[in-house]
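First up is the structure itself, then whatever we jot down about it.
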Amino acid sequence: MGTWGPGSYDNDTALDFVGTVDAVDDLRRALDDAALQTGDEIDADLCQAAQAAAELVAGMMGRHVAQSTAEMRALCERLGEPDFKLTEAARNWVSAIASQRSELMALWDEDDGTAFRRELSELIDRLNPALDYASPELQAMGEYLPECGFCGQQIAGKDVFSMTLRNLSSEDTGPKAMLYCHLACLNGALDRDHFIQDWKFDPAEIERMAEEILRKNRSE
């Protein structure tokens, strides 16, 4: 019986792929966007290999998942820091894996996909750029850090996700309570159709891309 688990390296397809990676071009091939352009359902095996490739890209950024072995970490160090195109390819694939087109997401939805959605949400965070930003809500809290409404652990870091709870069965629809939580915990509780993809973008990189597009347009 094959290995099957929610993490990026928790299945045979992913581990087999990682065993074939020797150069950055191997990651580029796994993250090629041809399968994303058809509009068809995305095969589960392709998703698992691409998820593992995206996890290696995150590792190249120095953001290793806990399941990374010493060999995987050494591989990421040898491959070096990923360029923008490789990082974007990884982000695009993870976004597709989290979408309604993903056979892998659908398969997990047939069972209890809580852990898988949590893992995918945390991978998105690892692929996000490191921005010096704290949400206005977190700034207003000062030194106080709330506990997650799902796992009960204190929310650390620069970002906090919050929602207002209302009692829709009552005529009084005013806010009843504020729930603070880890986004990964919330995604674990949501179904696949409501998965929240919290992608962040570096303003400096957006400016660089805009300048590149303008230069290309001027030369045509």
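In the structure tokens, chains take the letters A, B, ... in the order shown, each chain's residues start at 1, and ligands count up from 1 in the order shown.
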Name the residues of chain A that fall into alpha helix (DSSP H) according to DSSP on the backbone, using the chain letters and numbers of this document, as an mmCIF file with C-alpha atoms, in the first residue's frame.
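Generated file (out_5.cif):
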data_model
loop_
_atom_site.group_PDB
_atom_site.id
_atom_site.type_symbol
_atom_site.label_atom_id
_atom_site.label_comp_id
_atom_site.auth_asym_id
_atom_site.auth_seq_id
_atom_site.Cartn_x
_atom_site.Cartn_y
_atom_site.Cartn_z
ATOM 1 C CA ASP A 12 5.042 8.152 -2.898
ATOM 2 C CA THR A 13 4.584 10.329 -5.992
ATOM 3 C CA ALA A 14 6.147 13.322 -4.254
ATOM 4 C CA LEU A 15 9.033 11.315 -2.811
ATOM 5 C CA ASP A 16 9.714 9.673 -6.175
ATOM 6 C CA PHE A 17 9.838 13.124 -7.771
ATOM 7 C CA VAL A 18 12.181 14.556 -5.142
ATOM 8 C CA GLY A 19 14.511 11.617 -5.799
ATOM 9 C CA THR A 20 14.818 12.696 -9.450
ATOM 10 C CA VAL A 24 16.800 23.682 -11.009
ATOM 11 C CA ASP A 25 15.605 22.717 -14.492
ATOM 12 C CA ASP A 26 14.000 19.608 -12.978
ATOM 13 C CA LEU A 27 11.854 21.918 -10.849
ATOM 14 C CA ARG A 28 11.009 24.108 -13.828
ATOM 15 C CA ARG A 29 9.737 21.096 -15.746
ATOM 16 C CA ALA A 30 7.557 19.944 -12.839
ATOM 17 C CA ALA A 44 -3.664 14.309 -8.797
ATOM 18 C CA ASP A 45 -0.216 12.882 -9.576
ATOM 19 C CA LEU A 46 0.780 16.104 -11.334
ATOM 20 C CA CYS A 47 -0.469 18.033 -8.312
ATOM 21 C CA GLN A 48 1.551 15.916 -5.878
ATOM 22 C CA ALA A 49 4.775 16.293 -7.881
ATOM 23 C CA ALA A 50 4.201 20.033 -8.322
ATOM 24 C CA GLN A 51 3.443 20.451 -4.609
ATOM 25 C CA ALA A 52 6.725 18.728 -3.762
ATOM 26 C CA ALA A 53 8.532 20.937 -6.287
ATOM 27 C CA ALA A 54 6.952 24.040 -4.746
ATOM 28 C CA GLU A 55 8.041 22.827 -1.314
ATOM 29 C CA LEU A 56 11.616 22.550 -2.579
ATOM 30 C CA VAL A 57 11.359 26.116 -3.933
ATOM 31 C CA ALA A 58 10.244 27.256 -0.476
ATOM 32 C CA GLY A 59 13.226 25.367 0.940
ATOM 33 C CA MET A 60 15.511 27.211 -1.501
ATOM 34 C CA ALA A 70 18.758 16.567 5.933
ATOM 35 C CA GLU A 71 19.136 15.393 2.327
ATOM 36 C CA MET A 72 16.282 17.647 1.165
ATOM 37 C CA ARG A 73 17.759 20.641 2.965
ATOM 38 C CA ALA A 74 21.167 19.961 1.447
ATOM 39 C CA LEU A 75 19.572 19.704 -2.008
ATOM 40 C CA CYS A 76 17.846 23.067 -1.575
ATOM 41 C CA GLU A 77 21.093 24.685 -0.475
ATOM 42 C CA ARG A 78 22.902 23.244 -3.509
ATOM 43 C CA LEU A 79 20.189 24.454 -5.900
ATOM 44 C CA PHE A 84 11.427 35.222 -9.673
ATOM 45 C CA LYS A 85 10.100 33.059 -12.522
ATOM 46 C CA LEU A 86 10.624 29.835 -10.585
ATOM 47 C CA THR A 87 8.987 31.265 -7.471
ATOM 48 C CA GLU A 88 6.005 32.498 -9.477
ATOM 49 C CA ALA A 89 5.669 29.095 -11.162
ATOM 50 C CA ALA A 90 5.563 27.460 -7.731
ATOM 51 C CA ARG A 91 2.977 29.954 -6.509
ATOM 52 C CA ASN A 92 0.792 29.456 -9.590
ATOM 53 C CA TRP A 93 0.843 25.686 -9.159
ATOM 54 C CA VAL A 94 -0.017 25.819 -5.470
ATOM 55 C CA SER A 95 -2.866 28.176 -6.291
ATOM 56 C CA ALA A 96 -4.135 25.658 -8.860
ATOM 57 C CA ILE A 97 -3.801 22.762 -6.395
ATOM 58 C CA GLU A 103 -8.220 16.401 -8.504
ATOM 59 C CA LEU A 104 -5.970 16.185 -5.454
ATOM 60 C CA MET A 105 -8.104 18.673 -3.513
ATOM 61 C CA ALA A 106 -11.222 16.770 -4.592
ATOM 62 C CA LEU A 107 -9.772 13.457 -3.392
ATOM 63 C CA TRP A 108 -9.002 14.926 0.015
ATOM 64 C CA ASP A 109 -12.482 16.408 0.135
ATOM 65 C CA GLU A 110 -13.929 12.891 -0.117
ATOM 66 C CA THR A 114 -8.623 19.302 7.214
ATOM 67 C CA ALA A 115 -4.915 18.489 7.524
ATOM 68 C CA PHE A 116 -4.320 18.809 3.772
ATOM 69 C CA ARG A 117 -5.897 22.266 3.608
ATOM 70 C CA ARG A 118 -3.838 23.333 6.633
ATOM 71 C CA GLU A 119 -0.620 22.110 4.972
ATOM 72 C CA LEU A 120 -1.473 23.870 1.715
ATOM 73 C CA SER A 121 -2.241 27.118 3.550
ATOM 74 C CA GLU A 122 1.112 26.959 5.346
ATOM 75 C CA LEU A 123 2.932 26.270 2.046
ATOM 76 C CA ILE A 124 1.369 29.425 0.600
ATOM 77 C CA ASP A 125 2.770 31.351 3.549
ATOM 78 C CA ARG A 126 6.250 29.888 2.997
ATOM 79 C CA LEU A 127 6.164 30.946 -0.664
ATOM 80 C CA PRO A 136 -3.548 47.201 11.496
ATOM 81 C CA GLU A 137 -5.389 44.805 13.817
ATOM 82 C CA LEU A 138 -2.148 43.372 15.152
ATOM 83 C CA GLN A 139 -0.609 46.830 15.538
ATOM 84 C CA ALA A 140 -3.624 47.917 17.583
ATOM 85 C CA MET A 141 -3.188 44.965 19.922
ATOM 86 C CA LEU A 183 -5.436 31.255 8.618
ATOM 87 C CA ALA A 184 -4.234 27.651 8.279
ATOM 88 C CA CYS A 185 -6.616 26.609 11.066
ATOM 89 C CA LEU A 186 -9.493 28.430 9.388
ATOM 90 C CA ASN A 187 -8.713 26.831 6.026
ATOM 91 C CA GLY A 188 -8.700 23.462 7.726
ATOM 92 C CA ALA A 189 -12.221 24.118 8.968
ATOM 93 C CA PRO A 203 5.782 46.158 -4.096
ATOM 94 C CA ALA A 204 9.397 46.439 -5.266
ATOM 95 C CA GLU A 205 8.978 43.383 -7.492
ATOM 96 C CA ILE A 206 5.713 44.724 -8.925
ATOM 97 C CA GLU A 207 7.477 48.009 -9.762
ATOM 98 C CA ARG A 208 10.331 46.128 -11.439
ATOM 99 C CA MET A 209 7.880 44.110 -13.549
ATOM 100 C CA ALA A 210 5.989 47.258 -14.561
ATOM 101 C CA GLU A 211 9.224 48.903 -15.705
ATOM 102 C CA GLU A 212 10.125 45.786 -17.682
ATOM 103 C CA ILE A 213 6.734 45.794 -19.433
ATOM 104 C CA LEU A 214 7.085 49.511 -20.240
ATOM 105 C CA ARG A 215 10.582 48.976 -21.716
ATOM 106 C CA LYS A 216 9.264 46.121 -23.846
ATOM 107 C CA ASN A 217 6.347 48.215 -25.122
ATOM 108 C CA ARG A 218 8.650 51.107 -26.029
ATOM 109 C CA SER A 219 10.935 48.793 -28.035
#
| Which residue gives the smallest distance to Asp112 in chain A among A:Tyr9, A:Ser99, A:Leu190, A:Tyr180, with only C-alpha atoms counted? | A:Leu190
